[in-house]
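S.K.: Provided herewith: run_27.txt, compact mmCIF, C-alpha atoms and all ligand atoms.
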```txt
# COMPACT_ATOMS: atom_id res chain seq x y z
CA ASP A 26 0.00 0.00 0.00
CA ARG A 27 1.68 3.14 -1.27
CA SER A 28 -0.81 5.66 0.08
CA PRO A 29 0.92 8.29 2.26
CA LYS A 30 1.31 7.35 5.91
CA ILE A 31 2.33 9.53 8.86
CA ALA A 32 4.65 7.99 11.44
CA PRO A 33 5.06 10.31 14.43
CA SER A 34 8.44 9.85 16.13
CA ILE A 35 8.00 9.59 19.89
CA LEU A 36 11.51 11.00 20.23
CA SER A 37 9.68 14.34 20.40
CA ALA A 38 6.96 13.13 22.79
CA ASP A 39 6.77 13.73 26.54
CA PHE A 40 9.15 11.07 27.91
CA ALA A 41 7.14 10.80 31.14
CA ASN A 42 3.88 10.05 29.28
CA PHE A 43 4.56 7.68 26.39
CA GLY A 44 1.30 5.73 26.73
CA ALA A 45 -0.85 8.87 26.59
CA GLU A 46 1.24 10.41 23.81
CA ILE A 47 0.97 7.29 21.63
CA ARG A 48 -2.80 7.14 22.23
CA ALA A 49 -3.14 10.83 21.37
CA VAL A 50 -1.35 10.63 18.01
CA GLU A 51 -3.12 7.40 17.01
CA ASP A 52 -6.52 8.86 17.96
CA GLN A 53 -5.60 11.84 15.80
CA GLY A 54 -4.77 9.81 12.70
CA ALA A 55 -1.19 8.55 12.98
CA ASP A 56 -0.68 5.49 10.75
CA TRP A 57 2.52 4.13 12.31
CA VAL A 58 4.50 4.94 15.48
CA HIS A 59 8.25 5.52 14.91
CA VAL A 60 10.58 4.52 17.75
CA ASP A 61 14.09 6.01 17.53
CA VAL A 62 16.62 3.83 19.31
CA MET A 63 19.97 5.55 19.94
CA ASP A 64 22.91 4.12 21.85
CA GLY A 65 25.36 7.01 22.26
CA HIS A 66 27.88 5.24 19.99
CA PHE A 67 26.46 5.15 16.47
CA VAL A 68 24.86 8.53 17.14
CA PRO A 69 25.68 11.12 19.82
CA ASN A 70 22.48 10.64 21.83
CA ILE A 71 20.83 7.95 23.98
CA THR A 72 17.11 7.14 23.96
CA PHE A 73 15.52 3.80 24.78
CA GLY A 74 16.15 0.07 24.42
CA ALA A 75 14.13 -3.09 23.87
CA VAL A 76 12.69 -3.09 27.41
CA ALA A 77 11.15 0.31 26.72
CA ALA A 78 9.93 -0.84 23.29
CA ALA A 79 8.17 -3.79 24.92
CA ALA A 80 6.49 -1.35 27.28
CA PHE A 81 5.31 0.81 24.35
CA ARG A 82 3.93 -2.19 22.46
CA PRO A 83 0.57 -2.63 24.24
CA HIS A 84 -0.12 1.07 23.74
CA ILE A 85 0.49 0.91 19.97
CA ARG A 86 -2.56 -0.23 17.96
CA THR A 87 -0.92 0.50 14.61
CA VAL A 88 2.60 -0.38 13.48
CA MET A 89 5.63 -0.24 15.77
CA ASP A 90 8.39 1.04 13.50
CA VAL A 91 11.76 0.65 15.23
CA HIS A 92 14.70 2.67 13.84
CA LEU A 93 17.95 1.29 15.23
CA MET A 94 20.71 3.90 15.39
CA VAL A 95 23.08 1.68 17.31
CA ALA A 96 26.49 0.12 16.89
CA ARG A 97 26.36 -3.66 16.35
CA PRO A 98 22.60 -3.89 15.67
CA ASP A 99 22.91 -7.70 15.33
CA ASP A 100 23.21 -7.90 19.10
CA TRP A 101 19.74 -6.39 19.55
CA ILE A 102 17.53 -7.57 16.69
CA ALA A 103 16.10 -10.59 18.52
CA ASP A 104 15.27 -8.45 21.55
CA PHE A 105 13.40 -5.83 19.51
CA ALA A 106 11.55 -8.52 17.55
CA ARG A 107 10.51 -10.12 20.83
CA ALA A 108 9.43 -6.68 22.05
CA GLY A 109 6.94 -6.67 19.19
CA ALA A 110 8.57 -4.48 16.54
CA ASP A 111 6.73 -4.78 13.22
CA VAL A 112 9.54 -3.08 11.31
CA ILE A 113 13.22 -2.99 12.31
CA THR A 114 15.41 -0.60 10.33
CA VAL A 115 19.21 -0.64 10.39
CA HIS A 116 22.02 1.46 8.92
CA PRO A 117 24.61 -0.20 6.66
CA GLU A 118 27.39 1.74 8.45
CA SER A 119 26.51 0.15 11.78
CA GLY A 120 27.82 -3.34 11.03
CA PRO A 121 30.11 -5.21 8.65
CA HIS A 122 27.46 -7.41 6.95
CA ILE A 123 24.31 -5.49 6.13
CA HIS A 124 22.87 -8.30 4.00
CA ARG A 125 23.15 -10.79 6.86
CA THR A 126 21.71 -8.27 9.32
CA LEU A 127 18.68 -7.68 7.09
CA GLN A 128 18.15 -11.43 6.73
CA SER A 129 18.25 -11.87 10.49
CA ILE A 130 15.54 -9.23 10.92
CA ARG A 131 13.19 -11.21 8.69
CA LYS A 132 14.19 -14.46 10.36
CA ALA A 133 13.21 -12.88 13.67
CA GLY A 134 9.74 -12.21 12.24
CA ALA A 135 9.89 -8.47 11.54
CA LYS A 136 9.92 -6.46 8.31
CA ALA A 137 13.43 -5.39 7.36
CA GLY A 138 14.31 -1.74 6.81
CA LEU A 139 17.48 -0.21 5.38
CA ALA A 140 18.27 3.37 6.50
CA LEU A 141 20.48 5.54 4.31
CA ASN A 142 22.30 8.51 5.82
CA PRO A 143 22.41 11.71 3.74
CA GLY A 144 25.93 10.93 2.48
CA THR A 145 25.48 7.21 1.88
CA GLY A 146 25.64 6.08 -1.76
CA LEU A 147 22.68 4.31 -3.33
CA ASP A 148 24.84 1.90 -5.34
CA GLY A 149 24.68 -1.09 -3.03
CA VAL A 150 20.93 -0.87 -2.52
CA GLN A 151 20.11 -2.68 -5.77
CA TRP A 152 21.71 -5.84 -4.38
CA LEU A 153 19.48 -5.77 -1.32
CA LEU A 154 16.08 -5.27 -2.93
CA ASP A 155 14.97 -8.87 -2.38
CA ASP A 156 15.84 -8.65 1.30
CA ILE A 157 14.14 -5.43 2.36
CA ASP A 158 10.61 -4.25 3.01
CA LEU A 159 11.44 -0.58 3.55
CA ILE A 160 14.10 1.98 2.70
CA CYS A 161 14.42 4.87 5.13
CA VAL A 162 15.88 7.92 3.41
CA MET A 163 17.47 10.04 6.12
CA SER A 164 16.86 13.70 5.40
CA VAL A 165 18.94 14.79 8.41
CA ASN A 166 22.02 13.30 10.01
CA PRO A 167 20.67 10.91 12.65
CA GLY A 168 20.85 11.68 16.35
CA PHE A 169 18.40 14.44 17.12
CA GLY A 170 14.88 15.63 16.43
CA GLY A 171 14.14 19.13 15.23
CA GLN A 172 16.86 19.47 12.55
CA SER A 173 16.16 20.95 9.14
CA PHE A 174 15.40 18.91 6.04
CA ILE A 175 18.33 18.34 3.63
CA PRO A 176 16.85 19.02 0.14
CA ALA A 177 19.21 16.55 -1.60
CA ALA A 178 17.01 13.84 -0.08
CA LEU A 179 14.36 14.53 -2.75
CA PRO A 180 16.32 13.32 -5.81
CA ARG A 181 17.53 10.38 -3.71
CA ILE A 182 13.90 9.39 -3.03
CA ALA A 183 13.09 9.65 -6.74
CA ALA A 184 16.12 7.54 -7.70
CA LEU A 185 15.17 4.86 -5.19
CA ARG A 186 11.55 4.84 -6.33
CA ALA A 187 12.75 4.20 -9.89
CA MET A 188 15.14 1.48 -8.67
CA ILE A 189 12.40 -0.29 -6.70
CA GLY A 190 10.01 -0.53 -9.65
CA ASP A 191 6.91 -2.47 -8.64
CA ARG A 192 8.48 -4.31 -5.70
CA PRO A 193 6.43 -3.92 -2.50
CA ILE A 194 9.01 -1.79 -0.69
CA HIS A 195 8.08 1.26 1.35
CA ILE A 196 10.09 4.46 1.05
CA GLU A 197 10.18 6.23 4.38
CA VAL A 198 11.61 9.71 4.87
CA ASP A 199 13.02 10.64 8.25
CA GLY A 200 14.12 14.06 9.46
CA GLY A 201 12.89 17.62 9.15
CA VAL A 202 9.53 16.67 7.64
CA VAL A 203 7.16 19.65 7.98
CA PRO A 204 3.93 20.73 6.25
CA ASP A 205 5.92 22.83 3.75
CA ASN A 206 7.93 19.91 2.33
CA ALA A 207 5.54 16.96 2.83
CA GLY A 208 3.94 17.40 -0.60
CA ALA A 209 7.28 17.41 -2.42
CA ILE A 210 8.42 14.35 -0.44
CA ILE A 211 5.32 12.38 -1.45
CA ALA A 212 5.59 13.61 -5.05
CA ALA A 213 9.20 12.35 -5.16
CA GLY A 214 7.92 8.87 -4.33
CA ALA A 215 7.94 8.39 -0.56
CA ASP A 216 4.97 6.80 1.21
CA VAL A 217 5.92 6.88 4.92
CA LEU A 218 6.61 10.29 6.47
CA VAL A 219 8.29 10.26 9.86
CA ALA A 220 7.65 13.46 11.76
CA GLY A 221 8.75 14.16 15.31
CA SER A 222 8.85 17.83 16.20
CA ALA A 223 6.25 18.76 13.54
CA VAL A 224 3.67 16.47 15.17
CA PHE A 225 4.44 17.01 18.85
CA LYS A 226 5.20 20.75 18.77
CA GLY A 227 2.82 22.92 20.71
CA GLY A 228 1.06 19.84 22.01
CA SER A 229 0.57 18.28 25.37
CA THR A 230 -1.21 15.16 26.46
CA ALA A 231 -3.97 17.46 27.68
CA ALA A 232 -4.54 18.82 24.15
CA PRO A 233 -4.51 15.89 21.70
CA GLU A 234 -6.34 17.96 19.08
CA VAL A 235 -3.12 19.96 18.64
CA TYR A 236 -1.44 16.78 17.40
CA GLY A 237 -4.43 16.18 15.13
CA ARG A 238 -4.02 19.58 13.51
CA ASN A 239 -0.30 18.98 13.05
CA ILE A 240 -0.88 15.53 11.50
CA ALA A 241 -3.60 16.88 9.22
CA ALA A 242 -1.27 19.62 7.98
CA LEU A 243 1.34 17.08 6.79
C1 LIG B 301 16.63 11.49 13.77
C2 LIG B 301 15.51 10.51 13.99
C3 LIG B 301 14.21 11.04 13.54
C4 LIG B 301 13.71 12.22 14.34
C5 LIG B 301 12.88 13.06 13.44
O1 LIG B 301 17.81 10.91 14.20
O2 LIG B 301 15.77 9.31 13.29
O3 LIG B 301 13.22 10.01 13.52
O4 LIG B 301 12.95 11.87 15.45
O5 LIG B 301 12.54 14.23 14.13
P1 LIG B 301 12.12 15.55 13.35
O6 LIG B 301 10.86 15.22 12.62
O7 LIG B 301 11.89 16.54 14.44
O8 LIG B 301 13.24 15.90 12.43
ZN ZN B 302 14.07 7.84 13.01
```
I need this file expressed as structure tokens, please.
M.R.:
Amino acid sequence: DRSPKIAPSILSADFANFGAEIRAVEDQGADWVHVDVMDGHFVPNITFGAVAAAAFRPHIRTVMDVHLMVARPDDWIADFARAGADVITVHPESGPHIHRTLQSIRKAGAKAGLALNPGTGLDGVQWLLDDIDLICVMSVNPGFGGQSFIPAALPRIAALRAMIGDRPIHIEVDGGVVPDNAGAIIAAGADVLVAGSAVFKGGSTAAPEVYGRNIAAL
């Protein structure tokens, strides 16, 4: 299904109220929930691990989309699959054998995602197309919410869309997605829009309709 989907990143949610924040964005139309896992090694920030993901799971009625920004992701794939991740996305720079890592995600029962940093070449992707369910085009350098969109992501999305052809692979875009660029991102060929600060800004768990307005604007 290539219709546009919004995946709010709970990296920008209230960290003391994840259950209520997830409920609020889903009630307001979120299609997936994006969980940014950072380990302080692959990226200069630390967020949450598989124990936290397992705690989020019963609150997520839609899709739990886990983005692993960690060194040695192979050590954690089984744990996140057991925590109930529907999608597990990894970066090729984070381990020596991306093909094997992607295979182990599927073996663990999740959909396999490949995340491409803004400076990562697209050349190797063609050899992985049979082993992935999603490509995450990073439109910021990973590590933090609230950064601005790198416009070079747009031709990268279009090139990947052409490369994918009619294979059932999602193109997700992650970083700096705001109402002003969402249309161009979808037109370039993406179908999953991750949005952290754009969804959660100005909101609070007491005012879920704020999230609804933000989601509707994307
Ligand atoms: C960046 C994360 C993103 C981030 C997006 O490292 O992978 O998912 O939460 O946040 P915004 O939408 O604020 O750029
Ligand atoms: Zn992410």
S.K.: Which residues, written as a list in words, have at least one atom at most 9 Å from Met188 (chain A), with only C-alpha atoms counted and residues fewer than 2 positions away on the same chain left out?
M.R.: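 The neighbour list is Val150, Gln151, Leu154, Ala183, Ala184, Leu185, Arg186 and Gly190 of chain A.
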S.K.: Keeping only C-alpha atoms, write those residues as an mmCIF file, keeping the file's coordinate frame.
M.R.:
```
data_model
loop_
_atom_site.group_PDB
_atom_site.id
_atom_site.type_symbol
_atom_site.label_atom_id
_atom_site.label_comp_id
_atom_site.auth_asym_id
_atom_site.auth_seq_id
_atom_site.Cartn_x
_atom_site.Cartn_y
_atom_site.Cartn_z
ATOM 1 C CA VAL A 150 20.930 -0.870 -2.520
ATOM 2 C CA GLN A 151 20.110 -2.680 -5.770
ATOM 3 C CA LEU A 154 16.080 -5.270 -2.930
ATOM 4 C CA ALA A 183 13.090 9.650 -6.740
ATOM 5 C CA ALA A 184 16.120 7.540 -7.700
ATOM 6 C CA LEU A 185 15.170 4.860 -5.190
ATOM 7 C CA ARG A 186 11.550 4.840 -6.330
ATOM 8 C CA GLY A 190 10.010 -0.530 -9.650
#
```
S.K.: Taking only residues of chain A that have an atom at most 9 Å from an atom of ligand ZN 302 (chain B), what is each one's shortest atom pair and its distance in Å to one decimal, using only C-alpha atoms and all ligand atoms, in chain and number order, as a tab-separated table?
M.R.:
```
residue	atom	partner	partner_atom	distance
A:Ser34	CA	B:ZN302	ZN	6.7
A:Leu36	CA	B:ZN302	ZN	8.3
A:His59	CA	B:ZN302	ZN	6.5
A:Val60	CA	B:ZN302	ZN	6.8
A:Asp61	CA	B:ZN302	ZN	4.9
A:Val62	CA	B:ZN302	ZN	7.9
A:Asp90	CA	B:ZN302	ZN	8.9
A:Val91	CA	B:ZN302	ZN	7.9
A:His92	CA	B:ZN302	ZN	5.3
A:Leu93	CA	B:ZN302	ZN	7.9
A:Met94	CA	B:ZN302	ZN	8.1
A:Thr114	CA	B:ZN302	ZN	9.0
A:Ala140	CA	B:ZN302	ZN	8.9
A:Cys161	CA	B:ZN302	ZN	8.4
A:Met163	CA	B:ZN302	ZN	8.0
A:Pro167	CA	B:ZN302	ZN	7.3
A:Gly168	CA	B:ZN302	ZN	8.5
A:Phe169	CA	B:ZN302	ZN	8.9
A:Gly170	CA	B:ZN302	ZN	8.5
A:Val198	CA	B:ZN302	ZN	8.7
A:Asp199	CA	B:ZN302	ZN	5.6
A:Gly200	CA	B:ZN302	ZN	7.2
A:Val219	CA	B:ZN302	ZN	7.0
A:Ala220	CA	B:ZN302	ZN	8.6
A:Gly221	CA	B:ZN302	ZN	8.6
```
S.K.: Could you save the residues just selected, with C-alpha atoms, as a PDB file, in the coordinates of the input?
M.R.:
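What follows is the written file selection31.pdb:
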```pdb
ATOM      1  CA  SER A  34       8.440   9.850  16.130  1.00  0.00           C
ATOM      2  CA  LEU A  36      11.510  11.000  20.230  1.00  0.00           C
ATOM      3  CA  HIS A  59       8.250   5.520  14.910  1.00  0.00           C
ATOM      4  CA  VAL A  60      10.580   4.520  17.750  1.00  0.00           C
ATOM      5  CA  ASP A  61      14.090   6.010  17.530  1.00  0.00           C
ATOM      6  CA  VAL A  62      16.620   3.830  19.310  1.00  0.00           C
ATOM      7  CA  ASP A  90       8.390   1.040  13.500  1.00  0.00           C
ATOM      8  CA  VAL A  91      11.760   0.650  15.230  1.00  0.00           C
ATOM      9  CA  HIS A  92      14.700   2.670  13.840  1.00  0.00           C
ATOM     10  CA  LEU A  93      17.950   1.290  15.230  1.00  0.00           C
ATOM     11  CA  MET A  94      20.710   3.900  15.390  1.00  0.00           C
ATOM     12  CA  THR A 114      15.410  -0.600  10.330  1.00  0.00           C
ATOM     13  CA  ALA A 140      18.270   3.370   6.500  1.00  0.00           C
ATOM     14  CA  CYS A 161      14.420   4.870   5.130  1.00  0.00           C
ATOM     15  CA  MET A 163      17.470  10.040   6.120  1.00  0.00           C
ATOM     16  CA  PRO A 167      20.670  10.910  12.650  1.00  0.00           C
ATOM     17  CA  GLY A 168      20.850  11.680  16.350  1.00  0.00           C
ATOM     18  CA  PHE A 169      18.400  14.440  17.120  1.00  0.00           C
ATOM     19  CA  GLY A 170      14.880  15.630  16.430  1.00  0.00           C
ATOM     20  CA  VAL A 198      11.610   9.710   4.870  1.00  0.00           C
ATOM     21  CA  ASP A 199      13.020  10.640   8.250  1.00  0.00           C
ATOM     22  CA  GLY A 200      14.120  14.060   9.460  1.00  0.00           C
ATOM     23  CA  VAL A 219       8.290  10.260   9.860  1.00  0.00           C
ATOM     24  CA  ALA A 220       7.650  13.460  11.760  1.00  0.00           C
ATOM     25  CA  GLY A 221       8.750  14.160  15.310  1.00  0.00           C
TER      26      GLY A 221
END
```
S.K.: At what distance in Å, to one decimal, does CA of Asn142 (chain A) lie from CA of Val162 (chain A)?
M.R.: 6.9 Å
S.K.: What does the distance from CA of Glu197 (chain A) to CA of Pro69 (chain A) come to in Å, to one decimal?
M.R.: 22.4 Å
S.K.: Compare A:Ala110, A:Ala223, A:Ile31, A:Ala232 by their minimum atom-to-atom distance to Glu51 (chain A), counting only C-alpha atoms, and give me the closest one.
M.R.: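 The answer is A:Ile31, which sits nearest to Glu51 (chain A).
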S.K.: Around (-8.0, 9.7, 9.9), as given in the file, which residues come within 10 Å? Count only C-alpha atoms and list them as a PDB file with C-alpha atoms, in the coordinates of the input.
M.R.:
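The result, written out as part_20.pdb:
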```pdb
ATOM      1  CA  GLU A  51      -3.120   7.400  17.010  1.00  0.00           C
ATOM      2  CA  ASP A  52      -6.520   8.860  17.960  1.00  0.00           C
ATOM      3  CA  GLN A  53      -5.600  11.840  15.800  1.00  0.00           C
ATOM      4  CA  GLY A  54      -4.770   9.810  12.700  1.00  0.00           C
ATOM      5  CA  ALA A  55      -1.190   8.550  12.980  1.00  0.00           C
ATOM      6  CA  ASP A  56      -0.680   5.490  10.750  1.00  0.00           C
ATOM      7  CA  GLY A 237      -4.430  16.180  15.130  1.00  0.00           C
ATOM      8  CA  ILE A 240      -0.880  15.530  11.500  1.00  0.00           C
ATOM      9  CA  ALA A 241      -3.600  16.880   9.220  1.00  0.00           C
TER      10      ALA A 241
END
```
S.K.: Mind pulling up the distance from CA of Trp57 (chain A) to CA of Arg181 (chain A)?
M.R.: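 These two atoms are separated by 22.8 Å.
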S.K.: Could you give me the centre and size, in Å to one decimal, of an axis-aligned box around all listed atoms of region 47-50 of chain A with 3 Å added on every side, as lines of an AutoDock Vina configuration file?
M.R.:
```
center_x = -1.1
center_y = 9.0
center_z = 20.1
size_x = 10.1
size_y = 9.7
size_z = 10.2
```
S.K.: At a cut-off of 10 Å, using all atoms listed in the file, what residues contact Ala242 (chain A)? Leave out same-chain residues fewer than 4 positions from it and give the result as a VMD selection string.
M.R.: chain A and resid 203 to 205 207 223 to 224 236 to 238
S.K.: Given the choices A:Gly228, A:Pro176, A:Pro83, A:Pro121, which gets closest to Asp99 (chain A) if the distance is worked out from all atoms listed in the file?
M.R.: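 Looking only at the distances to Asp99 (chain A), the closest residue turns out to be A:Pro121.
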S.K.: Excluding Gly144 (chain A) and any residue of its chain fewer than 6 positions from it, enumerate the residues within 10 Å of it, using all atoms listed in the file, and give them as a PyMOL selection string.
M.R.: chain A and resi 163-166+177-178
S.K.: Got a sec to check which residues sit within 8 Å of (11.0, -4.1, -2.1), counting all atoms listed in the file, and write them as a VMD selection string?
M.R.: chain A and resid 154 to 159 189 191 to 195
S.K.: Set the distance at 12 Å and use all atoms listed in the file: which residues neighbour Ala80 (chain A) once local chain neighbours fewer than 2 positions away are removed? I'd like the list as a list in words.
M.R.: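 So the residues in contact are Asn42, Phe43, Gly44, Ile47, Val60, Phe73, Gly74, Ala75, Val76, Ala77, Ala78, Arg82, Pro83, His84, Ile85, Met89, Phe105, Arg107, Ala108, Gly109 and Ala110 of chain A.
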S.K.: Between A:Ile123, A:Ala212, A:Ala137, A:Ile130, which one has atoms that come closest to Gly149 (chain A), using all atoms listed in the file?
M.R.: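 Closest residue, counting all atoms listed in the file: A:Ile123.
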S.K.: Counting all atoms listed in the file, which of A:Arg48, A:Asp104, A:Ile160, A:Ile113 gets nearest to Asp216 (chain A)?
M.R.: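 Of all the options, A:Ile160 lies closest to Asp216 (chain A).
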S.K.: Nearest to ligand LIG 301 (chain B): which of A:Ala215, A:Leu139, A:Val68, A:Leu179 is it, counting only C-alpha atoms and all ligand atoms?
M.R.: A:Val68
